[in-house]
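Engineer: Mind looking over this structure? Questions follow.
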Amino acid sequence: MPSMLKPILCLAFVWCLIGAALAADLQVPAQVTAGTAFAIASSGSGDATFYLVGPSSVVKRGIKLGSEIKVAAAEVQAAGRYVAITCGSDGCSSSPFYVVAGDPTKVSFLLHPSRVPVTARDAINATAFVFDKFHNPVFRPVNVDFQVVPKTGPAFTKSVKAVQGVAWMRMSPTPKEGPVKVIATVGNNEEPRIIQQVASEACNLRITARRTAKGVEVQTDSVKDCRGNAVPDGTVVSFTAVDSKGRTTVDAPIKKGVARTELPITGNATISVASGVVIGNEIRL
Amino acid sequence: MKAVLAILIGLVTAVLVGIAWVQSGGLASHEISSGRTPEEAVQALMAGIQARDWNQAYARLANTSTIEKQDFVRDLAGSNGSLRTYSSLQSFTVWPLHATDQDATMRVRMTWSSAIGAFDDVRDLHLRHDGDVWKVDWPKPTVAKVPPQVIPVNYLRWDVIGRNAGDDWGIQNVDTPNVRITSMNAIERPEGVVLVGEVVNEDTVPAYVSVNATLLKPDQSALDQESSFDMIAHTLLPRQVSPYRIDFPGIRIKQIKNVRMDVKALLVPASADPVIAVTDQKIDKDALGGNVLSGDLVNQSGQNVDIAQVVAAYYDATGKVIWVSNGYVDQALLPQVPVPFGVDIPKDIAPKVQSYHVVVNHYSRNNA
């Protein structure tokens, strides 16, 4: 039986060679840009079936061998490896080719974190992913412009070359609190993001108190960090008063830069203030 | 003969009805409703309240000349969307404190069922012997009256613009708030293991916070998983600290090798108001001799707060959180009107408490 196997394999190999020689030749371009129509030259004669197998689609239609096979722009929108196949009466023939991304027209932009203290060095991370109009990642080097527009002070732009479709940069916040707009630009496509630069911990937290008809009105001075940036409105400041009746606490949010509350205290009391880990002064009434 | 049979059937029916009435507690009910003893009078009053038969309950009062019926009903049925308006009297217990021929003092514990669970209301009632029956001097409810006024409030609110359904791929949302668990302490209690601690919002935006914990066995497999549920102030403003407590009933601490804590924070639209002051806080004994942290809540804004919940953390001498308890207030918080609260502290914990921190959750129909 093993003596029969060798001649059979030889015969099959020769038959394949004859079939390949008789099958139609396909002359495909080495590289095609996504979304671009092109033609594939074929040899041979007679009717055949044309298949175009791509990364996200398959096309099948009847063709005449020997004429050009037109491939529509819509049939090659996804970048990747394609295989063109013709199958006629003489057998099948195939040729691979690559479709690459077109011109960069879209950018996906991630900017982290959304809120950053002004003292955090190198804390802002901007990452842009470059795509063509069919959402194919553009792997060739492309310049991405990151335009940084602070609330105060001049805007500046940093140009970064994308590597394998990704451009990124790291930067420190500007010294002043407030919103900063960062715009990633590729070609005509702009993607804006807002990052909120905020003050760090409160510094020199101080309160003043005055007697009123209902008790004692306690108010902080303007609550700022050590660089003079206003601590964001809404930040909770805790007032505590201890008198003969017990303890009174109020968690009051900062509004328009100051936190205030009215404590129902009539006699002697000790009033203190804190915000987060920061402790302020103490008042004895 | 037919007439005798009819009379016999009628008699038997009457006897059976009578037996059924006695069996179903009709006799006892009749005795109670007659109010011939102080205890029966209070029980009859409570039965009327339980049935929400306000006319019958009001008729049991001795001091109808000094207390309006609508004030009496408001005292028990609640008003202004308070927790009491969503509650019903589930059960009551009455016991005597003092009695003479002419007057008596009875203590009643009313257990109200509500959407957030059962809560107790203990009151000492004075009774007077009025003819053949005893009647109750219902304590005159203090109806808070807010005078017409203008309260200036600078409203502070955060709104969130998220990504839209139609947005392209890669449109990022705003980052979730940065919150941190600052402490965690595992305590073994008779009913199981309890995790207590505190969580802080370290961000500059409000956070909706939930703390979850998973107990791990020595082989690192999960033993149990629970969340803080309502034992936390869920909405934390920037730099606000909230206690949390997670109960694991039926678990013993020797079963646990490790605890995996997980704090989840969501960016939510929120308001910085109302501000609620917690005044006159002190640890005291209640009417039943239990330890309570009591005080008053004062709503410093201009809008009603329907339901308020107090969550308190207790610290030992080293500053460690040793217990967290909570309590709902069954009255609505009207602007500027102090409303008392009290939260229980276990008997064995109370002597170790050196300090405490109280936060207030609030719920209002307008803000829902």
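Ordering of the structure tokens sets the chain letters (A, B, ...); residue numbers start at 1 within each chain; ligands are numbered from 1 in the order shown.
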Kindly assemble as JSON lines a list of the chain B residues that lie within 10 Å of chain A, each paired with its nearest atom pair and their distance in Å to one decimal, using only C-alpha atoms, sorted first by chain and then by ascending residue number.
Structural biologist:
```
{"residue": "B:Asn154", "atom": "CA", "partner": "A:Lys255", "partner_atom": "CA", "distance": 7.3}
{"residue": "B:Tyr155", "atom": "CA", "partner": "A:Lys255", "partner_atom": "CA", "distance": 8.5}
{"residue": "B:Leu156", "atom": "CA", "partner": "A:Gly234", "partner_atom": "CA", "distance": 7.0}
{"residue": "B:Arg157", "atom": "CA", "partner": "A:Gly234", "partner_atom": "CA", "distance": 8.3}
{"residue": "B:Trp158", "atom": "CA", "partner": "A:Gly234", "partner_atom": "CA", "distance": 9.0}
{"residue": "B:Asp168", "atom": "CA", "partner": "A:Ser108", "partner_atom": "CA", "distance": 8.5}
{"residue": "B:Trp169", "atom": "CA", "partner": "A:Ser108", "partner_atom": "CA", "distance": 7.2}
{"residue": "B:Gly170", "atom": "CA", "partner": "A:Ser108", "partner_atom": "CA", "distance": 4.9}
{"residue": "B:Ile171", "atom": "CA", "partner": "A:Ser108", "partner_atom": "CA", "distance": 6.8}
{"residue": "B:Gln172", "atom": "CA", "partner": "A:Leu110", "partner_atom": "CA", "distance": 6.3}
{"residue": "B:Asn173", "atom": "CA", "partner": "A:Ser114", "partner_atom": "CA", "distance": 8.9}
{"residue": "B:Val174", "atom": "CA", "partner": "A:Ser114", "partner_atom": "CA", "distance": 5.8}
{"residue": "B:Asp175", "atom": "CA", "partner": "A:Ser114", "partner_atom": "CA", "distance": 5.5}
{"residue": "B:Thr176", "atom": "CA", "partner": "A:Ser114", "partner_atom": "CA", "distance": 8.5}
{"residue": "B:Pro177", "atom": "CA", "partner": "A:Arg115", "partner_atom": "CA", "distance": 9.0}
{"residue": "B:Asn178", "atom": "CA", "partner": "A:Arg115", "partner_atom": "CA", "distance": 9.6}
{"residue": "B:Val200", "atom": "CA", "partner": "A:Gly276", "partner_atom": "CA", "distance": 8.4}
{"residue": "B:Asn201", "atom": "CA", "partner": "A:Gly276", "partner_atom": "CA", "distance": 9.1}
{"residue": "B:Glu202", "atom": "CA", "partner": "A:Gly276", "partner_atom": "CA", "distance": 8.1}
{"residue": "B:Asp203", "atom": "CA", "partner": "A:Arg115", "partner_atom": "CA", "distance": 8.0}
{"residue": "B:Thr204", "atom": "CA", "partner": "A:Pro232", "partner_atom": "CA", "distance": 6.6}
{"residue": "B:Val205", "atom": "CA", "partner": "A:Gly234", "partner_atom": "CA", "distance": 7.7}
{"residue": "B:Pro206", "atom": "CA", "partner": "A:Gly234", "partner_atom": "CA", "distance": 8.3}
{"residue": "B:Leu236", "atom": "CA", "partner": "A:Val236", "partner_atom": "CA", "distance": 9.3}
{"residue": "B:Leu237", "atom": "CA", "partner": "A:Val236", "partner_atom": "CA", "distance": 6.5}
{"residue": "B:Pro238", "atom": "CA", "partner": "A:Thr235", "partner_atom": "CA", "distance": 4.6}
{"residue": "B:Arg239", "atom": "CA", "partner": "A:Gly276", "partner_atom": "CA", "distance": 5.2}
{"residue": "B:Gln240", "atom": "CA", "partner": "A:Val236", "partner_atom": "CA", "distance": 5.7}
{"residue": "B:Val241", "atom": "CA", "partner": "A:Gly276", "partner_atom": "CA", "distance": 8.1}
{"residue": "B:Ser271", "atom": "CA", "partner": "A:Gly234", "partner_atom": "CA", "distance": 8.7}
{"residue": "B:Ala272", "atom": "CA", "partner": "A:Gly234", "partner_atom": "CA", "distance": 6.2}
{"residue": "B:Asp273", "atom": "CA", "partner": "A:Pro253", "partner_atom": "CA", "distance": 8.4}
{"residue": "B:Pro274", "atom": "CA", "partner": "A:Ala252", "partner_atom": "CA", "distance": 9.3}
{"residue": "B:Val275", "atom": "CA", "partner": "A:Ala252", "partner_atom": "CA", "distance": 6.2}
{"residue": "B:Ile276", "atom": "CA", "partner": "A:Val250", "partner_atom": "CA", "distance": 6.7}
{"residue": "B:Ala277", "atom": "CA", "partner": "A:Val250", "partner_atom": "CA", "distance": 4.6}
{"residue": "B:Val278", "atom": "CA", "partner": "A:Thr249", "partner_atom": "CA", "distance": 5.3}
{"residue": "B:Thr279", "atom": "CA", "partner": "A:Thr248", "partner_atom": "CA", "distance": 4.0}
{"residue": "B:Asp280", "atom": "CA", "partner": "A:Gly246", "partner_atom": "CA", "distance": 4.6}
{"residue": "B:Gln281", "atom": "CA", "partner": "A:Arg247", "partner_atom": "CA", "distance": 4.8}
{"residue": "B:Lys282", "atom": "CA", "partner": "A:Gly246", "partner_atom": "CA", "distance": 5.4}
{"residue": "B:Ile283", "atom": "CA", "partner": "A:Gly246", "partner_atom": "CA", "distance": 8.9}
{"residue": "B:Ser294", "atom": "CA", "partner": "A:Gly246", "partner_atom": "CA", "distance": 9.7}
{"residue": "B:Gly295", "atom": "CA", "partner": "A:Gly246", "partner_atom": "CA", "distance": 8.4}
{"residue": "B:Asp296", "atom": "CA", "partner": "A:Thr248", "partner_atom": "CA", "distance": 9.0}
{"residue": "B:Leu297", "atom": "CA", "partner": "A:Thr248", "partner_atom": "CA", "distance": 9.7}
{"residue": "B:Val298", "atom": "CA", "partner": "A:Pro264", "partner_atom": "CA", "distance": 9.4}
{"residue": "B:Gln300", "atom": "CA", "partner": "A:Glu262", "partner_atom": "CA", "distance": 8.2}
{"residue": "B:Tyr356", "atom": "CA", "partner": "A:Arg247", "partner_atom": "CA", "distance": 9.9}
{"residue": "B:His357", "atom": "CA", "partner": "A:Thr249", "partner_atom": "CA", "distance": 8.5}
{"residue": "B:Val358", "atom": "CA", "partner": "A:Thr249", "partner_atom": "CA", "distance": 7.8}
{"residue": "B:Val359", "atom": "CA", "partner": "A:Asp251", "partner_atom": "CA", "distance": 8.2}
{"residue": "B:Val360", "atom": "CA", "partner": "A:Asp251", "partner_atom": "CA", "distance": 9.5}
```
Engineer: Can you spit out the residues from that selection as a short mmCIF file (atom, residue, chain, number, x, y, z; two decimals), in the first residue's frame, using N, CA and C atoms?
Structural biologist:
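To be explicit, this is the file written out as out_18.cif:
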```
data_model
loop_
_atom_site.label_atom_id
_atom_site.label_comp_id
_atom_site.auth_asym_id
_atom_site.auth_seq_id
_atom_site.Cartn_x
_atom_site.Cartn_y
_atom_site.Cartn_z
N ASN B 154 -28.58 81.39 48.54
CA ASN B 154 -27.81 81.34 47.29
C ASN B 154 -27.69 79.88 46.90
N TYR B 155 -28.54 79.45 46.01
CA TYR B 155 -28.54 78.03 45.65
C TYR B 155 -27.28 77.68 44.88
N LEU B 156 -26.74 76.57 45.24
CA LEU B 156 -25.55 76.06 44.56
C LEU B 156 -25.87 74.66 44.07
N ARG B 157 -25.67 74.46 42.80
CA ARG B 157 -26.11 73.20 42.19
C ARG B 157 -25.07 72.75 41.19
N TRP B 158 -24.96 71.46 41.04
CA TRP B 158 -24.08 70.90 40.03
C TRP B 158 -24.94 70.13 39.03
N ASP B 168 -20.03 59.93 18.75
CA ASP B 168 -19.11 59.02 18.08
C ASP B 168 -18.31 58.25 19.12
N TRP B 169 -17.66 57.19 18.68
CA TRP B 169 -16.80 56.41 19.57
C TRP B 169 -15.67 57.29 20.06
N GLY B 170 -15.33 57.17 21.30
CA GLY B 170 -14.19 57.93 21.83
C GLY B 170 -14.58 59.22 22.49
N ILE B 171 -15.89 59.55 22.50
CA ILE B 171 -16.32 60.73 23.25
C ILE B 171 -16.34 60.33 24.72
N GLN B 172 -15.45 60.91 25.51
CA GLN B 172 -15.33 60.47 26.88
C GLN B 172 -16.29 61.21 27.80
N ASN B 173 -16.71 60.53 28.86
CA ASN B 173 -17.51 61.17 29.89
C ASN B 173 -16.60 61.89 30.87
N VAL B 174 -17.23 62.71 31.70
CA VAL B 174 -16.46 63.34 32.77
C VAL B 174 -16.09 62.24 33.78
N ASP B 175 -14.88 62.32 34.32
CA ASP B 175 -14.43 61.28 35.26
C ASP B 175 -15.34 61.21 36.48
N THR B 176 -15.46 60.02 37.03
CA THR B 176 -16.24 59.85 38.26
C THR B 176 -15.49 60.49 39.44
N PRO B 177 -16.22 60.87 40.49
CA PRO B 177 -15.55 61.54 41.62
C PRO B 177 -14.55 60.63 42.32
N ASN B 178 -13.59 61.29 42.92
CA ASN B 178 -12.54 60.58 43.64
C ASN B 178 -12.93 60.51 45.12
N VAL B 200 -14.64 59.57 52.54
CA VAL B 200 -14.56 61.01 52.27
C VAL B 200 -14.59 61.25 50.77
N ASN B 201 -15.26 62.31 50.39
CA ASN B 201 -15.24 62.74 48.99
C ASN B 201 -14.07 63.70 48.83
N GLU B 202 -13.02 63.26 48.15
CA GLU B 202 -11.82 64.08 48.00
C GLU B 202 -11.87 64.94 46.75
N ASP B 203 -12.97 64.91 46.06
CA ASP B 203 -13.07 65.62 44.78
C ASP B 203 -13.70 66.99 44.99
N THR B 204 -13.90 67.69 43.89
CA THR B 204 -14.51 69.02 43.96
C THR B 204 -15.92 69.01 43.40
N VAL B 205 -16.45 67.82 43.18
CA VAL B 205 -17.83 67.68 42.69
C VAL B 205 -18.56 66.71 43.63
N PRO B 206 -19.89 66.77 43.66
CA PRO B 206 -20.62 65.85 44.53
C PRO B 206 -20.51 64.41 44.04
N LEU B 236 -22.41 62.89 48.89
CA LEU B 236 -21.36 63.60 49.61
C LEU B 236 -20.91 64.81 48.81
N LEU B 237 -20.95 65.96 49.44
CA LEU B 237 -20.42 67.17 48.81
C LEU B 237 -18.90 67.12 48.91
N PRO B 238 -18.21 68.00 48.17
CA PRO B 238 -16.74 67.99 48.23
C PRO B 238 -16.22 68.11 49.67
N ARG B 239 -15.28 67.26 50.01
CA ARG B 239 -14.61 67.22 51.33
C ARG B 239 -15.55 66.75 52.44
N GLN B 240 -16.71 66.29 52.12
CA GLN B 240 -17.63 65.83 53.17
C GLN B 240 -17.27 64.40 53.56
N VAL B 241 -17.40 64.12 54.83
CA VAL B 241 -17.07 62.80 55.38
C VAL B 241 -18.37 62.15 55.85
N SER B 271 -27.44 69.27 44.81
CA SER B 271 -27.58 70.62 45.32
C SER B 271 -26.85 70.71 46.66
N ALA B 272 -26.31 71.87 46.94
CA ALA B 272 -25.62 72.05 48.23
C ALA B 272 -26.61 72.37 49.34
N ASP B 273 -27.86 72.54 49.01
CA ASP B 273 -28.87 72.86 50.02
C ASP B 273 -29.83 71.69 50.17
N PRO B 274 -30.53 71.56 51.27
CA PRO B 274 -30.49 72.45 52.42
C PRO B 274 -29.32 72.13 53.34
N VAL B 275 -28.92 73.15 54.10
CA VAL B 275 -27.92 72.95 55.15
C VAL B 275 -28.69 72.68 56.44
N ILE B 276 -28.34 71.59 57.11
CA ILE B 276 -29.05 71.21 58.34
C ILE B 276 -28.05 71.23 59.50
N ALA B 277 -28.33 72.09 60.46
CA ALA B 277 -27.47 72.16 61.65
C ALA B 277 -27.90 71.09 62.64
N VAL B 278 -26.92 70.50 63.30
CA VAL B 278 -27.20 69.50 64.34
C VAL B 278 -26.80 70.14 65.67
N THR B 279 -27.79 70.56 66.43
CA THR B 279 -27.52 71.36 67.62
C THR B 279 -27.72 70.54 68.90
N ASP B 280 -27.10 71.03 69.95
CA ASP B 280 -27.27 70.48 71.31
C ASP B 280 -27.05 68.97 71.37
N GLN B 281 -26.01 68.50 70.70
CA GLN B 281 -25.73 67.06 70.70
C GLN B 281 -25.17 66.64 72.05
N LYS B 282 -25.72 65.58 72.58
CA LYS B 282 -25.16 65.03 73.82
C LYS B 282 -25.57 63.57 73.96
N ILE B 283 -24.74 62.82 74.65
CA ILE B 283 -25.07 61.42 74.92
C ILE B 283 -25.80 61.37 76.26
N SER B 294 -28.56 62.36 71.45
CA SER B 294 -29.73 63.17 71.13
C SER B 294 -29.31 64.58 70.76
N GLY B 295 -30.23 65.31 70.22
CA GLY B 295 -29.99 66.69 69.83
C GLY B 295 -31.15 67.20 69.01
N ASP B 296 -30.95 68.31 68.36
CA ASP B 296 -31.99 68.88 67.50
C ASP B 296 -31.43 69.07 66.09
N LEU B 297 -32.31 68.95 65.12
CA LEU B 297 -31.96 69.25 63.74
C LEU B 297 -32.62 70.58 63.38
N VAL B 298 -31.85 71.47 62.80
CA VAL B 298 -32.41 72.76 62.38
C VAL B 298 -32.15 72.92 60.89
N GLN B 300 -31.68 74.99 57.96
CA GLN B 300 -31.32 76.40 57.80
C GLN B 300 -31.73 76.96 56.44
N TYR B 356 -17.88 61.97 68.75
CA TYR B 356 -18.82 61.48 67.73
C TYR B 356 -18.95 62.50 66.61
N HIS B 357 -19.47 62.02 65.49
CA HIS B 357 -19.65 62.88 64.31
C HIS B 357 -21.00 62.54 63.70
N VAL B 358 -21.81 63.55 63.50
CA VAL B 358 -23.18 63.35 63.02
C VAL B 358 -23.34 63.94 61.63
N VAL B 359 -23.91 63.17 60.72
CA VAL B 359 -24.28 63.70 59.40
C VAL B 359 -25.78 63.46 59.21
N VAL B 360 -26.37 64.26 58.35
CA VAL B 360 -27.82 64.19 58.16
C VAL B 360 -28.12 63.95 56.69
#
```
Engineer: So which bits of range 51-237 of chain A end up strand (DSSP E or B) when you DSSP the backbone, as number ranges by chain?
Structural biologist: A: 51-53, 58-64, 68-71, 80-88, 91-100, 106-112, 115-117, 124-131, 137, 142-149, 156-163, 166-171, 178-186, 189-198, 203, 207-211, 216-220, 224, 230, 236-237
Engineer: Leaving out Ala79 in chain A and any residue of its chain fewer than 2 positions from it, which residues lie within 10 Å of it when counting only C-alpha atoms, given as a VMD selection string?
Structural biologist: chain A and resid 32 to 35 54 to 56 76 to 77 81 to 82 98 to 102 132 134 to 138
Engineer: With a cut-off of 8 Å, could you pull out the residues of range 109-204 of chain B touching range 79-91 of chain B and give me the nearest pair of atoms for each, distance in Å to one decimal, using only C-alpha atoms, ordered by chain and ascending number, as a Markdown table?
Structural biologist:
```
| residue | atom | partner | partner_atom | distance |
| --- | --- | --- | --- | --- |
| B:Met110 | CA | B:Ser91 | CA | 6.2 |
| B:Thr111 | CA | B:Ser91 | CA | 5.3 |
| B:Trp112 | CA | B:Leu89 | CA | 4.4 |
| B:Ser113 | CA | B:Ser87 | CA | 5.5 |
| B:Ser114 | CA | B:Ser87 | CA | 4.5 |
| B:Ala115 | CA | B:Tyr86 | CA | 7.1 |
```
